[in-house]
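final.cif, holding mmCIF, C-alpha atoms and all ligand atoms:
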data_data
loop_
_atom_site.label_atom_id
_atom_site.label_comp_id
_atom_site.auth_asym_id
_atom_site.auth_seq_id
_atom_site.Cartn_x
_atom_site.Cartn_y
_atom_site.Cartn_z
CA VAL A 1 120.43 119.17 135.73
CA PRO A 2 116.67 119.36 135.14
CA GLN A 3 115.31 122.24 133.18
CA ASP A 4 114.81 124.94 135.81
CA PHE A 5 114.16 127.93 133.60
CA PRO A 6 111.84 127.84 130.65
CA ILE A 7 113.37 129.56 127.66
CA PHE A 8 110.94 130.82 125.11
CA THR A 9 112.47 130.99 121.70
CA LYS A 10 109.61 128.82 120.38
CA ASN A 11 112.16 126.50 118.75
CA ARG A 12 111.76 123.19 120.54
CA LEU A 13 115.41 122.15 120.18
CA LEU A 14 116.76 125.41 121.59
CA ASP A 15 114.09 125.48 124.28
CA SER A 16 115.22 122.09 125.52
CA LEU A 17 118.78 123.29 126.24
CA PRO A 18 120.08 124.22 129.68
CA ARG A 19 119.75 127.95 130.15
CA GLU A 20 123.52 128.61 130.30
CA GLU A 21 124.04 126.87 127.01
CA TYR A 22 121.26 128.76 125.32
CA GLU A 23 122.63 132.05 126.65
CA ARG A 24 126.05 131.19 125.28
CA LEU A 25 124.56 130.57 121.82
CA GLN A 26 122.26 133.54 121.82
CA PRO A 27 124.76 136.16 120.55
CA TYR A 28 125.25 134.03 117.43
CA LEU A 29 121.54 133.68 116.66
CA LYS A 30 120.10 136.30 114.36
CA PRO A 31 116.30 136.70 114.10
CA LEU A 32 115.06 136.79 110.51
CA PHE A 33 111.78 136.56 108.66
CA LEU A 34 111.82 134.26 105.62
CA GLU A 35 109.45 134.89 102.73
CA VAL A 36 107.72 132.10 100.87
CA LYS A 37 110.10 130.31 98.47
CA GLN A 38 113.17 131.97 99.97
CA GLU A 39 116.11 129.59 99.78
CA LEU A 40 117.91 128.53 102.95
CA TYR A 41 120.55 126.72 100.96
CA GLU A 42 121.00 125.91 97.28
CA PRO A 43 122.02 122.67 95.53
CA ASN A 44 125.78 122.05 95.49
CA LYS A 45 126.61 125.48 96.89
CA PRO A 46 128.32 126.11 100.22
CA ILE A 47 125.83 126.05 103.11
CA GLU A 48 126.55 129.33 104.87
CA PHE A 49 123.93 129.27 107.59
CA VAL A 50 121.86 126.95 109.73
CA TYR A 51 118.33 127.92 110.80
CA PHE A 52 116.25 127.26 113.89
CA PRO A 53 112.62 127.86 112.89
CA LEU A 54 110.37 129.64 115.39
CA ASP A 55 107.38 129.26 113.13
CA GLY A 56 106.71 128.60 109.46
CA VAL A 57 107.50 125.41 107.58
CA TYR A 58 110.70 124.77 105.63
CA SER A 59 110.91 122.20 102.94
CA LEU A 60 113.88 119.98 102.07
CA LEU A 61 113.66 119.20 98.36
CA SER A 62 115.35 116.95 95.85
CA LEU A 63 115.44 117.93 92.21
CA THR A 64 115.96 116.42 88.79
CA SER A 65 118.30 117.84 86.16
CA LYS A 66 115.19 119.34 84.50
CA GLY A 67 114.33 121.15 87.71
CA ASP A 68 111.38 119.04 88.90
CA LEU A 69 111.19 119.37 92.67
CA VAL A 70 109.91 116.87 95.20
CA GLU A 71 109.81 117.39 98.92
CA VAL A 72 111.69 114.81 100.97
CA ALA A 73 111.04 116.28 104.41
CA THR A 74 109.74 119.34 106.22
CA VAL A 75 111.23 121.15 109.16
CA GLY A 76 109.33 123.35 111.59
CA ASN A 77 109.89 124.65 115.11
CA GLU A 78 110.70 121.08 116.23
CA GLY A 79 113.97 121.11 114.28
CA MET A 80 116.83 122.77 112.47
CA VAL A 81 117.54 123.37 108.80
CA GLY A 82 121.21 122.70 108.12
CA LEU A 83 121.87 119.18 109.39
CA PRO A 84 124.43 118.63 106.57
CA VAL A 85 126.61 121.18 108.38
CA PHE A 86 126.27 119.25 111.64
CA LEU A 87 127.15 116.04 109.78
CA GLY A 88 130.24 117.60 108.22
CA ALA A 89 129.05 118.28 104.64
CA LYS A 90 129.88 121.59 102.98
CA HIS A 91 127.10 121.27 100.40
CA ILE A 92 124.51 118.75 99.27
CA PRO A 93 122.61 118.05 95.99
CA GLY A 94 119.24 119.12 97.45
CA LEU A 95 117.91 122.47 98.54
CA ALA A 96 115.83 124.00 101.32
CA ILE A 97 113.16 126.67 100.89
CA ALA A 98 110.56 128.39 103.04
CA GLN A 99 107.22 126.74 102.33
CA VAL A 100 105.07 128.57 104.86
CA PRO A 101 106.81 131.90 105.62
CA GLY A 102 107.94 132.52 109.17
CA ASP A 103 110.48 133.62 111.74
CA VAL A 104 113.77 131.82 112.21
CA LEU A 105 116.99 132.20 114.17
CA GLN A 106 119.88 132.11 111.74
CA MET A 107 123.41 131.10 112.71
CA ARG A 108 126.52 131.26 110.56
CA THR A 109 128.02 127.87 109.73
CA GLU A 110 131.41 128.89 111.18
CA ASP A 111 129.82 129.96 114.44
CA PHE A 112 127.75 126.79 114.58
CA LYS A 113 130.85 124.62 114.14
CA ALA A 114 132.77 126.55 116.76
CA GLN A 115 129.95 126.58 119.31
CA VAL A 116 128.26 123.20 118.93
CA THR A 117 131.10 121.02 120.15
CA HIS A 118 130.73 117.40 121.24
CA ASP A 119 130.44 118.32 124.91
CA THR A 120 127.32 120.46 124.40
CA THR A 121 123.72 119.42 124.95
CA LEU A 122 122.80 120.71 121.51
CA TYR A 123 125.26 118.24 119.99
CA ASP A 124 123.39 115.35 121.66
CA VAL A 125 120.02 116.82 120.78
CA LEU A 126 121.01 117.17 117.12
CA HIS A 127 122.19 113.58 117.06
CA ARG A 128 118.74 112.48 118.12
CA TYR A 129 117.14 114.98 115.76
CA THR A 130 119.16 113.47 112.88
CA GLN A 131 117.64 110.09 113.66
CA ALA A 132 114.14 111.57 113.94
CA LEU A 133 114.53 113.29 110.56
CA PHE A 134 115.87 110.07 109.04
CA ASN A 135 112.76 108.31 110.40
CA LEU A 136 110.57 111.03 108.89
CA ILE A 137 112.21 110.65 105.47
CA SER A 138 111.88 106.85 105.65
CA GLN A 139 108.24 107.07 106.71
CA THR A 140 107.54 109.57 103.91
CA ALA A 141 109.14 107.27 101.32
CA LEU A 142 106.91 104.44 102.51
CA CYS A 143 103.85 106.72 102.68
CA ASN A 144 104.35 108.03 99.14
CA ARG A 145 104.52 104.48 97.86
CA VAL A 146 101.62 102.81 99.69
CA HIS A 147 99.14 105.44 100.88
CA SER A 148 96.59 107.39 98.83
CA ILE A 149 96.97 111.02 97.82
CA GLU A 150 94.10 111.88 100.14
CA GLN A 151 95.73 110.17 103.14
CA ARG A 152 99.08 111.82 102.35
CA CYS A 153 97.45 115.19 101.94
CA CYS A 154 95.84 114.87 105.39
CA ARG A 155 99.15 113.78 106.91
CA TRP A 156 100.87 116.79 105.39
CA LEU A 157 98.20 119.26 106.53
CA LEU A 158 98.22 117.91 110.09
CA LEU A 159 102.00 118.03 110.38
CA THR A 160 102.05 121.54 108.97
CA ARG A 161 99.33 122.61 111.38
CA ASP A 162 101.35 121.29 114.32
CA ARG A 163 104.43 123.11 113.15
CA VAL A 164 102.86 126.48 112.57
CA GLU A 165 100.64 125.99 115.64
CA ALA A 166 97.79 127.61 113.74
CA ASP A 167 94.74 126.40 111.85
CA GLU A 168 95.31 128.76 108.98
CA PHE A 169 98.33 129.07 106.70
CA SER A 170 99.07 130.04 103.12
CA LEU A 171 99.67 127.34 100.57
CA THR A 172 99.41 127.04 96.79
CA HIS A 173 98.34 123.99 94.78
CA GLU A 174 101.73 124.08 93.08
CA PHE A 175 103.47 123.70 96.42
CA LEU A 176 101.17 121.05 97.71
CA SER A 177 101.71 119.01 94.54
CA GLN A 178 105.50 119.30 94.94
CA MET A 179 105.20 118.33 98.55
CA LEU A 180 103.19 115.25 97.83
CA GLY A 181 105.00 114.38 94.61
CA VAL A 182 101.79 114.26 92.57
CA ARG A 183 100.35 116.24 89.67
CA ARG A 184 98.56 119.46 90.42
CA ALA A 185 95.21 118.15 89.13
CA GLY A 186 95.35 115.29 91.62
CA VAL A 187 95.96 117.73 94.46
CA SER A 188 93.11 120.02 93.41
CA GLU A 189 90.73 117.08 93.33
CA VAL A 190 91.73 115.94 96.83
CA ALA A 191 91.59 119.49 98.21
CA ALA A 192 88.05 119.83 96.81
CA ARG A 193 87.03 116.55 98.42
CA LEU A 194 88.43 117.58 101.83
CA GLN A 195 86.66 120.90 101.45
CA ASN A 196 83.33 119.24 100.64
CA ALA A 197 83.74 117.01 103.67
CA GLY A 198 84.03 120.17 105.78
CA PHE A 199 87.59 119.36 106.96
CA ILE A 200 89.26 122.39 105.39
CA SER A 201 88.45 125.55 103.57
CA TYR A 202 90.80 126.48 100.78
CA ARG A 203 90.60 129.84 99.09
CA TYR A 204 92.94 132.50 97.74
CA GLY A 205 95.95 130.36 98.52
CA LYS A 206 95.00 130.03 102.19
CA ILE A 207 94.17 126.78 103.93
CA THR A 208 92.02 126.81 107.04
CA ILE A 209 91.67 123.60 109.02
CA LEU A 210 88.07 123.36 110.20
CA ASP A 211 87.91 119.79 111.45
CA ARG A 212 91.13 118.41 112.78
CA SER A 213 89.72 115.10 113.95
CA GLY A 214 88.18 114.58 110.49
CA LEU A 215 91.63 115.01 108.97
CA GLU A 216 93.12 112.66 111.57
CA ALA A 217 90.54 110.01 110.76
CA THR A 218 91.25 110.33 107.02
CA SER A 219 95.05 110.47 107.32
CA CYS A 220 97.15 107.33 107.23
CA GLU A 221 98.95 106.19 110.39
CA CYS A 222 102.08 108.05 109.26
CA TYR A 223 100.97 111.31 110.86
CA GLU A 224 100.75 109.81 114.36
CA LEU A 225 103.99 107.88 113.93
CA ILE A 226 105.95 110.94 112.82
CA LYS A 227 104.41 113.14 115.51
CA MET A 228 105.17 110.64 118.29
CA ASP A 229 108.74 110.32 117.10
CA PHE A 230 109.42 114.06 117.37
CA ASP A 231 107.58 114.36 120.69
CA ARG A 232 109.78 111.59 122.06
CA LEU A 233 112.90 113.36 120.85
CA ILE A 234 111.99 116.47 122.81
CA SER A 235 110.81 114.71 125.97
CA ASP A 236 113.89 112.45 126.06
CA ASN A 237 115.99 115.53 126.16
CA ASN A 238 114.01 117.11 128.98
CA HIS A 239 114.28 113.99 131.12
CA THR A 240 117.95 113.10 130.73
CA ASP A 241 121.08 114.70 132.26
ZN ZN B 301 101.14 107.42 105.06
#

Using structure tokens, write down the structure that the file contains.
Amino acid sequence: VPQDFPIFTKNRLLDSLPREEYERLQPYLKPLFLEVKQELYEPNKPIEFVYFPLDGVYSLLSLTSKGDLVEVATVGNEGMVGLPVFLGAKHIPGLAIAQVPGDVLQMRTEDFKAQVTHDTTLYDVLHRYTQALFNLISQTALCNRVHSIEQRCCRWLLLTRDRVEADEFSLTHEFLSQMLGVRRAGVSEVAARLQNAGFISYRYGKITILDRSGLEATSCECYELIKMDFDRLISDNNHTD
């Protein structure tokens, strides 16, 4: 059945579901605002909720025994935080935190498991989302190894911009360095260069994107590849069934 009724949650996975299915899930979805650094799940602790972001950016992180954190992926309104639950894990070694604060729809793990059965559209969508996220993580691993800090920084800013659907968002150097897996000094240097080029302005912990095409020209190919992959995930869903 083609999508007859637009549903405006702002989460692209939920918005791609047939209306009846979304309405069935709705009573289990609780709107919440997540503050910066708020944890969505903690390392090796039971994952109690899954989250469908409406805006904001949520970071999936790996950590060392000393507590050094590196981002392995981000999730925005194109996805869901809590895939381990979908894949049958009760807990994982990594953690998820809010990177850019925002609104989410939260669902209890028990409700998710009871509602998202194999005959639902969301089940199929999440299968494809799992692959898209796996692609993102693979592409990021490659990017971190072969592309410059400047290219990676542009990639990150562009992806974040798409996810928050705004040219301005709050961000600290500390976070950006975790996200890119580089030292803070390296990030400050690159941010200054992008600022001098007129691509961004960066003050008081707020980033404003001034020249998107400048960032696109400076970014490595990874931005376009990741973006196309998620766009395909959503459009495949709207054109099947
Ligand atoms: Zn790259």

Please check which protein, DNA or RNA residues sit within 6 Å of ligand ZN 301 (chain B), counting all atoms listed in the file, and write them as a list of chain:residue names.
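Going residue by residue within 6 Å of ligand ZN 301 (chain B), we get A:Cys143, A:His147, A:Arg152, A:Cys220, A:Glu221, A:Cys222.
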
Keeping only C-alpha atoms, write those residues as a compact mmCIF listing (two decimals), in the coordinates of the input.
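Result written to selection06.txt:
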# COMPACT_ATOMS: atom_id res chain seq x y z
CA CYS A 143 103.85 106.72 102.68
CA HIS A 147 99.14 105.44 100.88
CA ARG A 152 99.08 111.82 102.35
CA CYS A 220 97.15 107.33 107.23
CA GLU A 221 98.95 106.19 110.39
CA CYS A 222 102.08 108.05 109.26

Taking all atoms listed in the file into account, name the residue in A:Lys66, A:His118, A:Lys10, A:Arg108 that is nearest to Gly79 (chain A).
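Selected residue with least distance to Gly79 (chain A): A:Lys10.
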
Separation of CA of Leu54 (chain A) from CA of Thr9 (chain A) in Å:
6.8 Å

Given only C-alpha atoms as the counted atoms, nearest of A:Asp211, A:Asp15, A:Asp236, A:Asp229 to Asn135 (chain A):
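The closest residue to Asn135 (chain A) is A:Asp229.
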
With a distance cut-off of 12 Å and all atoms listed in the file, select the neighbouring residues of region 119-121 of chain A, excluding the residue or stretch itself and same-chain residues fewer than 2 positions from it, and output the selection as a list in words.
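Result of the neighbour search: Val1, Leu13, Leu14, Asp15, Ser16, Leu17, Pro18, Arg19, Glu20, Glu21, Tyr22, Arg24, Leu25, Phe112, Lys113, Ala114, Gln115, Val116, Thr117, Tyr123, Asp124, Val125, Leu126, His127, Arg128, Asn237, Asn238, Thr240 and Asp241 of chain A.
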
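With distances restricted to only C-alpha atoms, A:Gln178 is the closest residue to Gly67 (chain A) from A:Lys45, A:His173, A:Gln178, A:Ala141.
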
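The gap separating CA of Leu136 (chain A) from CA of Val187 (chain A) is 21.6 Å, in Å to one decimal.
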
Between CA of Leu60 (chain A) and CA of Leu32 (chain A), what is the distance, to one decimal in Å?
18.8 Å

Please enclose the listed atoms of region 174-191 of chain A in an axis-aligned box, pad each side by 4 Å, and write out the centre and the three edge lengths in Å, rounded to one decimal, as JSON.
{"center_x": 98.1, "center_y": 119.2, "center_z": 93.8, "size_x": 22.8, "size_y": 17.8, "size_z": 17.4}
